[in-house]
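Data block for protein_1.txt (compact mmCIF, C-alpha atoms):
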# COMPACT_ATOMS: atom_id res chain seq x y z
CA MET A 1353 12.30 35.34 8.38
CA SER A 1354 11.68 38.99 9.14
CA GLY A 1355 13.70 42.16 9.47
CA THR A 1356 12.64 45.00 11.78
CA PRO A 1357 11.80 48.22 9.87
CA GLN A 1358 13.38 51.40 11.20
CA GLY A 1359 11.03 54.19 12.26
CA THR A 1360 7.24 54.17 11.99
CA HIS A 1361 5.92 52.65 8.79
CA SER A 1362 2.57 51.47 7.55
CA LEU A 1363 4.18 48.68 5.55
CA ALA A 1364 6.37 45.77 6.58
CA PHE A 1365 7.98 42.92 4.66
CA ARG A 1366 7.69 39.26 5.59
CA VAL A 1367 9.91 36.71 3.86
CA MET A 1368 9.20 32.97 3.69
CA ARG A 1369 11.34 30.44 1.94
CA LEU A 1370 9.66 28.23 -0.63
CA CYS A 1371 11.05 24.71 -0.38
CA LYS A 1372 9.82 21.14 -0.55
CA PRO A 1373 8.13 19.58 2.49
CA SER A 1374 9.63 16.60 4.26
CA PHE A 1375 8.23 13.20 5.18
CA HIS A 1376 6.48 12.93 8.55
CA VAL A 1377 8.12 10.20 10.63
CA GLU A 1378 6.14 8.58 13.46
CA PRO A 1379 8.41 8.67 16.53
CA PRO A 1380 6.90 5.64 18.41
CA LEU A 1381 8.49 2.30 17.60
CA GLN A 1382 5.89 -0.12 16.24
CA LEU A 1383 6.27 -3.86 16.64
CA ASP A 1384 4.74 -7.25 15.91
CA PRO A 1385 3.40 -9.04 19.02
CA THR A 1386 4.87 -12.30 17.76
CA ASP A 1387 8.36 -10.93 18.33
CA LEU A 1388 7.55 -10.37 22.02
CA LEU A 1389 6.11 -13.83 22.70
CA VAL A 1390 8.22 -16.23 20.67
CA GLY A 1391 11.58 -16.39 18.98
CA GLU A 1392 12.47 -16.77 15.33
CA ASP A 1393 13.18 -20.48 15.75
CA ILE A 1394 9.45 -21.24 16.11
CA PHE A 1395 9.16 -21.08 12.34
CA ASP A 1396 11.48 -24.09 12.13
CA ASP A 1397 8.55 -26.19 13.38
CA PRO A 1398 5.75 -26.13 10.73
CA LEU A 1399 3.12 -27.38 13.19
CA ALA A 1400 3.85 -24.71 15.79
CA ALA A 1401 4.01 -21.98 13.15
CA SER A 1402 0.56 -22.93 11.82
CA HIS A 1403 -1.04 -22.61 15.29
CA LEU A 1404 0.65 -19.30 16.12
CA PRO A 1405 -1.62 -16.80 14.25
CA PRO A 1406 -4.92 -18.04 15.88
CA LEU A 1407 -3.25 -17.97 19.29
CA ILE A 1408 -2.09 -14.38 18.88
CA SER A 1409 -5.41 -13.17 17.44
CA ARG A 1410 -7.30 -14.28 20.58
CA HIS A 1411 -5.35 -11.86 22.74
CA VAL A 1412 -4.96 -8.94 20.29
CA ALA A 1413 -7.97 -6.78 19.45
CA ASN A 1414 -8.92 -6.32 15.83
CA PRO A 1415 -7.01 -3.20 14.69
CA ILE A 1416 -9.88 -2.28 12.37
CA ASP A 1417 -12.48 -2.52 15.17
CA SER A 1418 -13.64 1.04 15.80
CA SER A 1419 -15.39 0.07 19.04
CA ASP A 1420 -12.04 -0.50 20.77
CA LEU A 1421 -11.26 2.87 22.37
CA SER A 1422 -8.38 1.67 24.50
CA TYR A 1423 -5.80 2.24 21.68
CA ARG A 1424 -4.09 -0.95 22.85
CA THR A 1425 -2.99 -1.66 19.29
CA ARG A 1426 -1.45 1.72 18.48
CA PHE A 1427 2.08 0.30 18.75
CA LEU A 1428 1.37 -2.81 16.67
CA LEU A 1429 2.30 -3.27 13.05
CA HIS A 1430 -0.87 -3.33 10.99
CA HIS A 1431 1.00 -3.41 7.69
CA PRO A 1432 4.64 -4.33 6.83
CA SER A 1433 5.26 -0.79 5.57
CA ASP A 1434 4.46 0.59 9.04
CA SER A 1435 7.92 -0.53 10.20
CA MET A 1436 9.45 2.31 8.16
CA GLY A 1437 7.87 4.86 10.47
CA LEU A 1438 6.63 6.94 7.51
CA SER A 1439 3.03 8.07 7.54
CA SER A 1440 1.04 9.46 4.63
CA LEU A 1441 1.64 13.01 5.84
CA LEU A 1442 4.14 15.64 4.70
CA VAL A 1443 5.54 18.31 7.03
CA LEU A 1444 6.04 21.90 5.92
CA PRO A 1445 9.40 23.53 6.82
CA GLN A 1446 9.39 24.89 10.37
CA SER A 1447 12.50 27.06 9.89
CA PHE A 1448 14.32 28.92 7.16
CA GLY A 1449 16.66 25.94 6.76
CA ALA A 1450 20.10 25.62 5.21
CA ILE A 1451 20.87 27.07 1.80
CA TYR A 1452 23.56 25.42 -0.31
CA LEU A 1453 25.70 26.49 -3.20
CA GLY A 1454 24.29 25.41 -6.58
CA GLU A 1455 20.65 25.43 -5.44
CA THR A 1456 17.90 27.83 -6.48
CA PHE A 1457 16.87 30.15 -3.64
CA CYS A 1458 13.11 30.67 -3.95
CA SER A 1459 11.35 33.07 -1.59
CA TYR A 1460 7.75 34.13 -1.02
CA ILE A 1461 7.70 37.80 0.01
CA SER A 1462 4.65 39.54 1.45
CA ILE A 1463 4.41 43.29 2.07
CA ASN A 1464 1.70 43.98 4.64
CA ASN A 1465 -0.19 47.18 5.41
CA SER A 1466 -0.67 47.16 9.18
CA SER A 1467 -2.10 50.69 9.37
CA ASN A 1468 -5.71 51.86 9.25
CA PHE A 1469 -5.12 53.79 6.04
CA GLU A 1470 -4.62 52.88 2.43
CA VAL A 1471 -1.14 53.37 0.97
CA ARG A 1472 -0.67 54.20 -2.69
CA ASP A 1473 1.90 54.23 -5.51
CA ILE A 1474 4.17 51.60 -4.01
CA ILE A 1475 7.50 50.97 -5.76
CA ILE A 1476 8.97 47.67 -4.59
CA LYS A 1477 12.51 46.42 -5.12
CA ALA A 1478 14.11 43.15 -4.06
CA GLU A 1479 17.76 42.30 -4.59
CA ILE A 1480 20.41 39.89 -3.35
CA GLN A 1481 23.62 41.42 -2.03
CA THR A 1482 26.81 39.37 -1.67
CA GLU A 1483 30.40 40.26 -0.97
CA ARG A 1484 31.07 40.60 -4.71
CA GLN A 1485 27.91 41.83 -6.38
CA ARG A 1486 24.34 43.04 -6.09
CA ILE A 1487 21.67 41.24 -8.14
CA LEU A 1488 18.26 42.78 -8.82
CA LEU A 1489 15.40 40.28 -8.45
CA LEU A 1490 12.30 42.53 -8.67
CA ASP A 1491 11.70 46.16 -9.61
CA THR A 1492 8.22 47.71 -9.99
CA SER A 1493 9.47 51.22 -10.81
CA LYS A 1494 7.89 51.17 -14.27
CA SER A 1495 4.59 49.75 -13.01
CA PRO A 1496 4.11 50.66 -9.31
CA VAL A 1497 1.55 48.85 -7.22
CA GLU A 1498 -1.50 51.15 -7.27
CA SER A 1499 -2.60 50.67 -3.67
CA ILE A 1500 -2.67 48.32 -0.66
CA ARG A 1501 -5.77 48.69 1.49
CA ALA A 1502 -5.69 48.85 5.26
CA GLY A 1503 -4.92 45.36 6.61
CA GLY A 1504 -4.17 44.13 3.09
CA ARG A 1505 -1.00 42.79 1.54
CA TYR A 1506 0.84 42.38 -1.76
CA ASP A 1507 2.65 39.08 -2.41
CA PHE A 1508 5.31 38.08 -4.92
CA ILE A 1509 7.90 35.33 -5.49
CA VAL A 1510 11.60 35.81 -6.30
CA GLU A 1511 14.19 33.24 -7.40
CA HIS A 1512 17.97 33.33 -7.44
CA ASP A 1513 20.55 30.73 -8.50
CA VAL A 1514 23.06 30.62 -5.65
CA LYS A 1515 26.58 30.84 -7.08
CA GLU A 1516 28.59 32.23 -4.15
CA LEU A 1517 29.47 30.98 -0.68
CA GLY A 1518 29.24 32.98 2.51
CA ALA A 1519 26.97 35.74 3.76
CA HIS A 1520 24.03 36.88 1.61
CA THR A 1521 21.53 39.67 2.26
CA LEU A 1522 18.07 39.89 0.73
CA VAL A 1523 17.35 43.62 0.52
CA CYS A 1524 13.66 44.57 0.23
CA THR A 1525 12.71 48.24 -0.20
CA ALA A 1526 9.40 50.05 -0.69
CA LEU A 1527 8.77 53.67 -1.68
CA TYR A 1528 5.12 54.63 -1.03
CA ASN A 1529 2.62 57.38 -0.18
CA ASP A 1530 1.33 57.11 3.38
CA GLY A 1531 -2.24 57.80 4.44
CA ASP A 1532 -1.24 61.44 5.07
CA GLY A 1533 0.19 61.73 1.55
CA GLU A 1534 3.76 61.67 2.86
CA ARG A 1535 6.30 59.89 0.65
CA LYS A 1536 8.15 57.28 2.73
CA TYR A 1537 11.02 54.90 2.11
CA LEU A 1538 11.10 51.47 3.81
CA PRO A 1539 14.27 49.32 3.66
CA GLN A 1540 14.44 45.88 5.28
CA PHE A 1541 17.33 43.43 5.30
CA PHE A 1542 17.14 39.65 5.62
CA LYS A 1543 20.46 37.87 6.10
CA PHE A 1544 21.30 34.22 5.44
CA SER A 1545 24.43 32.16 4.83
CA VAL A 1546 25.26 29.81 1.95
CA SER A 1547 27.20 26.60 2.63
CA ASN A 1548 28.97 24.13 0.40
CA PRO A 1549 26.84 20.99 -0.18
CA LEU A 1550 29.73 18.81 -1.24
CA SER A 1551 33.47 18.70 -1.65
CA VAL A 1552 35.40 17.40 -4.64
CA ARG A 1553 38.89 15.95 -4.17
CA THR A 1554 40.87 15.02 -7.26
CA LYS A 1555 43.99 12.95 -7.96
CA VAL A 1556 45.85 13.05 -11.26
CA ARG A 1557 48.32 10.39 -12.38
CA ALA A 1558 50.12 10.20 -15.72
CA VAL A 1559 51.04 6.79 -17.15
CA LYS A 1560 53.03 7.23 -20.37
CA GLU A 1561 50.71 8.96 -22.86
CA THR A 1562 47.59 8.46 -20.71
CA THR A 1563 46.42 10.58 -17.77
CA TYR A 1564 44.01 9.22 -15.15
CA LEU A 1565 41.80 11.54 -13.11
CA GLU A 1566 40.09 10.32 -9.94
CA ALA A 1567 37.34 12.51 -8.44
CA CYS A 1568 36.02 11.82 -4.94
CA ILE A 1569 32.70 13.56 -4.12
CA GLU A 1570 31.64 13.88 -0.46
CA ASN A 1571 28.15 14.89 0.71
CA HIS A 1572 28.16 17.56 3.47
CA THR A 1573 24.38 18.06 3.66
CA LYS A 1574 21.84 16.48 6.02
CA SER A 1575 19.92 14.83 3.18
CA ASN A 1576 20.78 12.24 0.57
CA LEU A 1577 22.00 13.55 -2.79
CA TYR A 1578 21.21 11.72 -6.03
CA MET A 1579 23.83 12.47 -8.68
CA ASP A 1580 22.14 12.88 -12.08
CA GLN A 1581 25.32 13.93 -13.86
CA VAL A 1582 29.02 13.94 -12.98
CA ASP A 1583 30.66 14.69 -16.33
CA PHE A 1584 34.22 15.75 -17.00
CA GLU A 1585 34.50 18.46 -19.66
CA PRO A 1586 38.07 18.27 -21.01
CA SER A 1587 39.93 21.28 -22.34
CA GLN A 1588 40.32 21.67 -26.09
CA HIS A 1589 43.52 19.58 -26.30
CA TRP A 1590 42.17 16.58 -24.37
CA SER A 1591 39.66 13.78 -24.84
CA SER A 1592 37.93 12.07 -21.90
CA THR A 1593 36.43 8.63 -21.24
CA VAL A 1594 34.73 7.61 -18.00
CA LEU A 1595 35.90 4.25 -16.65
CA LYS A 1596 33.37 1.94 -15.01
CA ALA A 1597 33.55 -1.49 -13.40
CA ASN A 1598 33.41 -4.40 -15.86
CA GLU A 1599 30.06 -6.13 -16.19
CA ASN A 1600 29.39 -9.77 -17.11
CA HIS A 1601 28.81 -10.09 -20.84
CA LEU A 1602 27.18 -13.02 -22.59
CA VAL A 1603 28.82 -14.86 -25.46
CA GLY A 1604 27.24 -15.41 -28.87
CA ASN A 1605 25.67 -13.27 -31.56
CA ASP A 1606 22.14 -13.20 -30.12
CA SER A 1607 23.44 -12.71 -26.61
CA THR A 1608 25.74 -9.92 -27.75
CA ARG A 1609 22.82 -8.09 -29.33
CA GLN A 1610 20.80 -8.50 -26.14
CA VAL A 1611 23.68 -7.12 -24.09
CA ALA A 1612 24.02 -4.16 -26.47
CA LYS A 1613 20.32 -3.36 -26.12
CA PHE A 1614 20.53 -3.72 -22.35
CA VAL A 1615 23.55 -1.41 -22.12
CA THR A 1616 21.78 1.15 -24.35
CA LEU A 1617 18.73 1.09 -22.08
CA ILE A 1618 20.94 1.54 -19.03
CA GLU A 1619 22.60 4.59 -20.63
CA ILE A 1620 19.22 6.13 -21.48
CA PHE A 1621 17.41 5.30 -18.24
CA LYS A 1622 20.41 5.16 -15.94
CA PRO A 1623 19.46 5.57 -12.27
CA PRO A 1624 21.06 8.41 -10.30
CA ILE A 1625 24.00 7.64 -8.05
CA LEU A 1626 23.19 7.91 -4.34
CA ILE A 1627 25.60 9.73 -2.04
CA ARG A 1628 24.32 9.43 1.50
CA SER A 1629 23.94 12.34 3.90
CA GLY A 1630 26.47 13.30 6.51
CA GLY A 1631 29.73 12.40 4.77
CA GLY A 1632 28.81 9.80 2.15
CA ILE A 1633 31.35 9.56 -0.69
CA TYR A 1634 31.52 8.25 -4.25
CA ASN A 1635 34.52 7.96 -6.59
CA PHE A 1636 34.65 8.57 -10.33
CA LEU A 1637 37.54 7.65 -12.65
CA TYR A 1638 38.29 9.26 -16.02
CA LYS A 1639 40.83 8.37 -18.69
CA LEU A 1640 42.32 11.38 -20.51
CA ARG A 1641 44.42 11.47 -23.66
CA LEU A 1642 45.97 14.30 -25.61
CA SER A 1643 44.61 14.86 -29.09
CA SER A 1644 47.29 13.74 -31.55
CA GLN A 1645 47.08 16.86 -33.71
CA ASN A 1646 47.42 19.15 -30.68
CA SER A 1647 50.03 17.29 -28.64
CA GLY A 1648 52.90 19.30 -30.02
CA GLN A 1649 51.13 22.61 -29.48
CA VAL A 1650 50.31 21.73 -25.88
CA ARG A 1651 53.92 20.86 -25.16
CA VAL A 1652 55.05 24.20 -26.62
CA GLU A 1653 52.57 26.17 -24.54
CA GLY A 1654 53.41 24.12 -21.45
CA THR A 1655 49.79 24.21 -20.28
CA ASN A 1656 48.58 21.59 -17.81
CA ILE A 1657 44.86 22.46 -17.67
CA LEU A 1658 42.86 19.24 -18.02
CA GLY A 1659 39.28 20.52 -17.77
CA LYS A 1660 36.48 20.78 -15.20
CA LEU A 1661 33.65 18.73 -13.69
CA GLN A 1662 29.96 19.42 -14.25
CA ILE A 1663 27.85 18.08 -11.36
CA THR A 1664 24.04 18.03 -11.13
CA TRP A 1665 21.93 16.38 -8.45
CA HIS A 1666 18.54 16.30 -6.76
CA THR A 1667 17.41 15.63 -3.20
CA ASN A 1668 14.80 13.18 -1.86
CA LEU A 1669 11.88 15.28 -3.03
CA GLY A 1670 13.39 16.45 -6.30
CA GLU A 1671 15.01 19.79 -5.41
CA PRO A 1672 17.75 20.29 -8.04
CA GLY A 1673 21.30 21.54 -7.66
CA ARG A 1674 24.18 22.21 -10.00
CA LEU A 1675 27.89 22.93 -9.51
CA GLN A 1676 30.91 23.40 -11.73
CA THR A 1677 34.42 22.93 -10.39
CA GLN A 1678 37.38 25.13 -11.14
CA GLN A 1679 39.85 24.07 -13.81
CA ILE A 1680 41.62 20.87 -12.77
CA LEU A 1681 45.37 20.92 -13.32
CA GLY A 1682 47.45 17.93 -14.32
CA THR A 1683 51.15 17.22 -14.18
CA PRO A 1684 53.10 20.17 -15.60
CA ILE A 1685 54.15 19.47 -19.17
CA ALA A 1686 57.87 19.99 -19.67
CA ARG A 1687 58.79 22.12 -22.64
CA LYS A 1688 61.11 20.37 -25.08
CA ASP A 1689 63.25 22.23 -27.59
CA VAL A 1690 63.49 19.25 -29.93
CA GLU A 1691 61.25 16.20 -29.84
CA LEU A 1692 61.48 12.91 -31.68
CA LEU A 1693 58.08 11.35 -32.41
CA LEU A 1694 57.09 7.94 -33.72
CA VAL A 1695 54.80 8.06 -36.77
CA GLU A 1696 54.52 4.45 -37.96
CA VAL A 1697 55.94 0.97 -37.37
CA PRO A 1698 55.43 -1.94 -39.80
CA SER A 1699 52.69 -4.34 -38.74
CA VAL A 1700 54.82 -7.36 -39.76
CA ILE A 1701 58.51 -7.61 -38.81
CA ASN A 1702 60.48 -10.70 -39.85
CA LEU A 1703 63.66 -12.12 -38.40
CA ASP A 1704 66.88 -10.91 -40.05
CA ARG A 1705 64.85 -8.84 -42.55
CA PRO A 1706 65.33 -5.06 -42.74
CA PHE A 1707 62.33 -2.91 -41.82
CA SER A 1708 61.75 0.83 -41.79
CA VAL A 1709 60.46 2.96 -38.89
CA HIS A 1710 58.78 6.25 -39.80
CA LEU A 1711 59.87 9.07 -37.44
CA ASN A 1712 59.25 12.81 -37.13
CA LEU A 1713 61.66 15.38 -35.67
CA VAL A 1714 60.06 18.61 -34.38
CA ASN A 1715 61.68 21.94 -33.48
CA HIS A 1716 59.56 23.60 -30.75
CA THR A 1717 61.73 26.73 -30.47
CA ASP A 1718 61.56 30.02 -32.36
CA THR A 1719 65.12 29.69 -33.71
CA LYS A 1720 66.78 27.53 -36.34
CA LEU A 1721 68.45 24.40 -34.95
CA GLY A 1722 70.70 21.69 -36.39
CA PRO A 1723 72.05 19.98 -38.35
CA PHE A 1724 71.37 16.71 -36.50
CA GLU A 1725 72.57 13.14 -36.31
CA VAL A 1726 70.33 10.18 -35.42
CA PHE A 1727 71.83 6.97 -34.03
CA LEU A 1728 71.24 4.12 -31.59
CA SER A 1729 72.93 4.89 -28.28
CA GLN A 1730 74.70 2.12 -26.40
CA ASN A 1731 73.13 1.36 -23.02
CA ASN A 1732 75.24 0.84 -19.95
CA SER A 1733 74.14 -2.76 -19.48
CA HIS A 1734 76.05 -5.61 -21.07
CA GLU A 1735 72.94 -6.97 -22.80
CA GLU A 1736 73.30 -7.54 -26.50
CA LYS A 1737 71.20 -5.28 -28.70
CA VAL A 1738 68.59 -7.30 -30.52
CA VAL A 1739 67.39 -4.48 -32.83
CA MET A 1740 70.13 -2.59 -34.70
CA ILE A 1741 70.50 -0.09 -37.51
CA ASN A 1742 70.78 -1.66 -40.93
CA GLY A 1743 73.48 0.20 -42.87
CA LEU A 1744 75.26 3.38 -41.77
CA GLN A 1745 75.13 3.65 -38.01
CA THR A 1746 74.53 7.43 -38.08
CA MET A 1747 71.88 9.25 -40.14
CA ALA A 1748 72.43 12.94 -40.93
CA LEU A 1749 69.49 15.36 -40.93
CA PRO A 1750 69.49 18.98 -42.13
CA GLN A 1751 68.73 22.07 -40.08
CA LEU A 1752 65.18 22.68 -38.86
CA GLU A 1753 63.51 26.05 -39.19
CA ALA A 1754 61.82 27.65 -36.18
CA SER A 1755 58.72 25.59 -35.23
CA GLY A 1756 59.52 23.33 -38.17
CA SER A 1757 59.59 19.56 -38.50
CA THR A 1758 60.90 16.86 -40.80
CA ASP A 1759 59.91 13.25 -41.51
CA PHE A 1760 62.49 10.53 -42.09
CA HIS A 1761 62.79 6.72 -42.12
CA LEU A 1762 65.28 4.75 -40.06
CA ASN A 1763 66.24 1.30 -41.38
CA LEU A 1764 66.51 -1.36 -38.66
CA ILE A 1765 66.94 -5.12 -38.44
CA ALA A 1766 65.94 -7.59 -35.70
CA THR A 1767 68.12 -10.58 -34.80
CA LYS A 1768 65.91 -12.43 -32.32
CA LEU A 1769 62.37 -13.84 -32.37
CA GLY A 1770 59.48 -12.83 -30.10
CA VAL A 1771 58.61 -9.61 -28.35
CA GLN A 1772 61.60 -7.28 -28.57
CA ARG A 1773 62.27 -3.68 -27.67
CA ILE A 1774 63.72 -0.85 -29.76
CA THR A 1775 65.73 1.37 -27.41
CA GLY A 1776 68.10 4.30 -27.56
CA ILE A 1777 67.10 6.14 -30.78
CA THR A 1778 68.86 9.43 -30.03
CA VAL A 1779 69.12 12.85 -31.69
CA PHE A 1780 72.38 14.82 -31.51
CA ASP A 1781 72.78 18.50 -32.46
CA THR A 1782 76.18 18.73 -34.19
CA ARG A 1783 76.39 22.50 -33.84
CA GLU A 1784 75.34 22.79 -30.19
CA LYS A 1785 77.06 19.50 -29.28
CA ARG A 1786 73.94 18.45 -27.39
CA ASN A 1787 72.01 15.19 -27.03
CA TYR A 1788 68.21 15.43 -26.86
CA ASP A 1789 65.85 13.04 -25.11
CA PRO A 1790 65.75 9.68 -26.92
CA LEU A 1791 62.59 8.17 -28.35
CA PRO A 1792 60.67 6.22 -25.67
CA ASP A 1793 61.23 2.48 -25.82
CA LEU A 1794 59.10 0.72 -28.40
CA GLU A 1795 58.00 -2.92 -28.28
CA ILE A 1796 57.71 -4.96 -31.49
CA PHE A 1797 56.98 -8.60 -32.34
CA VAL A 1798 59.54 -10.41 -34.51
CA ASP A 1799 58.23 -13.36 -36.49
CA MET A 1800 59.76 -15.98 -38.73
CA ASP A 1801 60.02 -15.20 -42.41

Translate the structure described by the file into structure tokens.
Amino acid sequence: MSGTPQGTHSLAFRVMRLCKPSFHVEPPLQLDPTDLLVGEDIFDDPLAASHLPPLISRHVANPIDSSDLSYRTRFLLHHPSDSMGLSSLLVLPQSFGAIYLGETFCSYISINNSSNFEVRDIIIKAEIQTERQRILLLDTSKSPVESIRAGGRYDFIVEHDVKELGAHTLVCTALYNDGDGERKYLPQFFKFSVSNPLSVRTKVRAVKETTYLEACIENHTKSNLYMDQVDFEPSQHWSSTVLKANENHLVGNDSTRQVAKFVTLIEIFKPPILIRSGGGIYNFLYKLRLSSQNSGQVRVEGTNILGKLQITWHTNLGEPGRLQTQQILGTPIARKDVELLLVEVPSVINLDRPFSVHLNLVNHTDTKLGPFEVFLSQNNSHEEKVVMINGLQTMALPQLEASGSTDFHLNLIATKLGVQRITGITVFDTREKRNYDPLPDLEIFVDMD
């Protein structure tokens, strides 16, 4: 890549991109002569298959025979790996190539003296200019290059982590003394564009207290990408677990230990995930939960920021890349003035025996609320309530200070065996004459005494 200097100058910049070579692919299709003469069904007959190799060798010259100058065997498979079309050669880049977001732009820059005179005291600067900023890559102001002889050159390498999309300009400037002693200024501009290597599409779904995040990553480059890391970094109020397909596990103590060691080795030496070129996709699934100690605070703030994805990859020949997504938003969290939370339920509940449920009432506002009444609301269906309050049907609670809370126990009794559901625990503000959202339904198991 080169930019034309303006005016007459002794010096000129030449820019070459430093990137990995590619595999050399042999364009001719190589084949096995057996495929041309016979079909695959010949191998069903052991006798015919045993006489086939001598028959073919009589009519095909020895590929190792150097005296055969007819090159009749140049399209024949001499080794099974020849069918891949890959030779032992690597090809250097023939063009500047595509530059993608998240990669490291590495450039070899040469400043050449094409005049017949020596130039002296050269101050060289190289910087990347984008739509938002200007980044200095090299500056020799404090230690100028002493001289470049006639026909000589000065070479250097610059690197830049590409973090912006769109048009980029590599600006190379030189301030030097010409052969006549005249101080000259040479600017040259080299333009290139940065594309997005992949796209990330996300879906968020909330199921009760659990949020599921699905991330679909699509490869937009012309080469395969090997994902080394696709990690979700949750915000401070969330915890994250990646969900993977179930694997077959062995049964037994020794087998369990073997499986544990195998899983540990997989986690340490896990192979990268391949996303094929030209639109290949891969899906990741994460399970998110609110931290118990911060759930109330999150609901007060009403924030729905879940976190962000950290993605690192490498290409076929090891060129690395790294991207970080923007903050991923979940379902907006509704602000509640008063919230009823479950703290504890007895592990054993017996039929027709009273039991106590530990609850917590929280005031999320900045004003005093209450007093309150807690009771079991009657549903509209005609089904008989299996779990009822034991004793007074209404429990009185005092006022709550701003951002305050109170713990209390509600005595209940179950009248039917098996898995039952506690429904309709409701809070009523006696001063505001307002019902708040009831406690979500709770399943319990009722056993015999």

Go through A:Arg1366, A:Arg1535, A:Arg1786, A:Lys1543 and flag the residue nearest Tyr1506 (chain A), using all atoms listed in the file for the distances.
A:Arg1366

With 7 Å as the threshold, what does the neighbourhood of (62.3, 18.3, -32.8) contain in terms of residues, counting only C-alpha atoms? Coordinates are those of the file; answer as a ChimeraX atom specification.
/A:1689-1692,1713-1716,1757

Centre and size of axis-aligned box enclosing region 1502-1517 of chain A plus 8 Å each side, as AutoDock Vina command-line options:
--center_x 11.9 --center_y 39.7 --center_z -0.9 --size_x 51.2 --size_y 34.2 --size_z 31.1

Rank A:His1520, A:Leu1637, A:Phe1760, A:Leu1370 by their smallest atom-to-atom distance to Cys1568 (chain A), using all atoms listed in the file, and report the top residue only.
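So, comparing all the options, the nearest one is A:Leu1637.
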
Selection near region 1577-1580 of chain A, 10 Å with all atoms listed in the file, sequence-local residues under 5 positions removed, as a PyMOL selection string:
chain A and resi 1549-1550+1570-1572+1622-1629+1632+1634+1663-1668+1670-1674

Selection file, C-alpha atoms, as an mmCIF file, in the frame of the given file:
data_model
loop_
_atom_site.group_PDB
_atom_site.id
_atom_site.type_symbol
_atom_site.label_atom_id
_atom_site.label_comp_id
_atom_site.auth_asym_id
_atom_site.auth_seq_id
_atom_site.Cartn_x
_atom_site.Cartn_y
_atom_site.Cartn_z
ATOM 1 C CA PRO A 1549 26.840 20.990 -0.180
ATOM 2 C CA LEU A 1550 29.730 18.810 -1.240
ATOM 3 C CA GLU A 1570 31.640 13.880 -0.460
ATOM 4 C CA ASN A 1571 28.150 14.890 0.710
ATOM 5 C CA HIS A 1572 28.160 17.560 3.470
ATOM 6 C CA LYS A 1622 20.410 5.160 -15.940
ATOM 7 C CA PRO A 1623 19.460 5.570 -12.270
ATOM 8 C CA PRO A 1624 21.060 8.410 -10.300
ATOM 9 C CA ILE A 1625 24.000 7.640 -8.050
ATOM 10 C CA LEU A 1626 23.190 7.910 -4.340
ATOM 11 C CA ILE A 1627 25.600 9.730 -2.040
ATOM 12 C CA ARG A 1628 24.320 9.430 1.500
ATOM 13 C CA SER A 1629 23.940 12.340 3.900
ATOM 14 C CA GLY A 1632 28.810 9.800 2.150
ATOM 15 C CA TYR A 1634 31.520 8.250 -4.250
ATOM 16 C CA ILE A 1663 27.850 18.080 -11.360
ATOM 17 C CA THR A 1664 24.040 18.030 -11.130
ATOM 18 C CA TRP A 1665 21.930 16.380 -8.450
ATOM 19 C CA HIS A 1666 18.540 16.300 -6.760
ATOM 20 C CA THR A 1667 17.410 15.630 -3.200
ATOM 21 C CA ASN A 1668 14.800 13.180 -1.860
ATOM 22 C CA GLY A 1670 13.390 16.450 -6.300
ATOM 23 C CA GLU A 1671 15.010 19.790 -5.410
ATOM 24 C CA PRO A 1672 17.750 20.290 -8.040
ATOM 25 C CA GLY A 1673 21.300 21.540 -7.660
ATOM 26 C CA ARG A 1674 24.180 22.210 -10.000
#

Under the rule that all atoms listed in the file are counted, which of A:Phe1365, A:Tyr1537, A:Phe1727, A:Phe1544 is the nearest residue to Tyr1452 (chain A)?
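Smallest separation from Tyr1452 (chain A) among the options: A:Phe1544.
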
Using only C-alpha atoms, which of A:Gly1743, A:Pro1750, A:Pro1586, A:Gly1504 sits nearest Leu1681 (chain A)?
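Counting only C-alpha atoms, the residue closest to Leu1681 (chain A) is A:Pro1586.
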
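The coordinates place CA of Lys1574 (chain A) at 14.6 Å from CA of Phe1448 (chain A).
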
Please identify all polymer residues lying at most 8 Å from the point (64.6, 11.7, -25.5) (file coordinates), using only C-alpha atoms, and present the result as number ranges by chain.
A: 1691-1692, 1778-1779, 1788-1792

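Between CA of Glu1696 (chain A) and CA of Ile1796 (chain A) the separation is 11.9 Å.
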
Shell of 12 Å around Gln1485 (chain A), all atoms listed in the file, local chain residues under 3 positions omitted, as a list in words:
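Near neighbours after the sequence-gap exclusion: Glu1479, Ile1480, Gln1481, Thr1482, Leu1488, Lys1515, Glu1516, Ala1519, His1520 and Thr1521 of chain A.
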
What does the structure give for the distance between CA of Ser1495 (chain A) and CA of Ile1476 (chain A), in Å to one decimal?
9.7 Å

Identify, on the basis of all atoms listed in the file, every residue whose closest approach to region 1499-1503 of chain A does not exceed 9 Å; exclude the query and any residue fewer than 3 positions from it along the same chain; express the result as a list in words.
Ser1362, Asn1464, Asn1465, Ser1466, Ser1467, Asn1468, Phe1469, Glu1470, Val1471, Arg1472, Asp1473, Ile1474, Pro1496 and Tyr1506 of chain A

From the options A:Val1510, A:Ala1766, A:Ile1461, A:Leu1721, which residue's atoms come nearest to Glu1753 (chain A), counting all atoms listed in the file?
A:Leu1721

Among listed residues A:Gln1446, A:Phe1797, A:Gly1682, A:Gln1676, nearest Ser1551 (chain A) (using all atoms listed in the file):
A:Gln1676
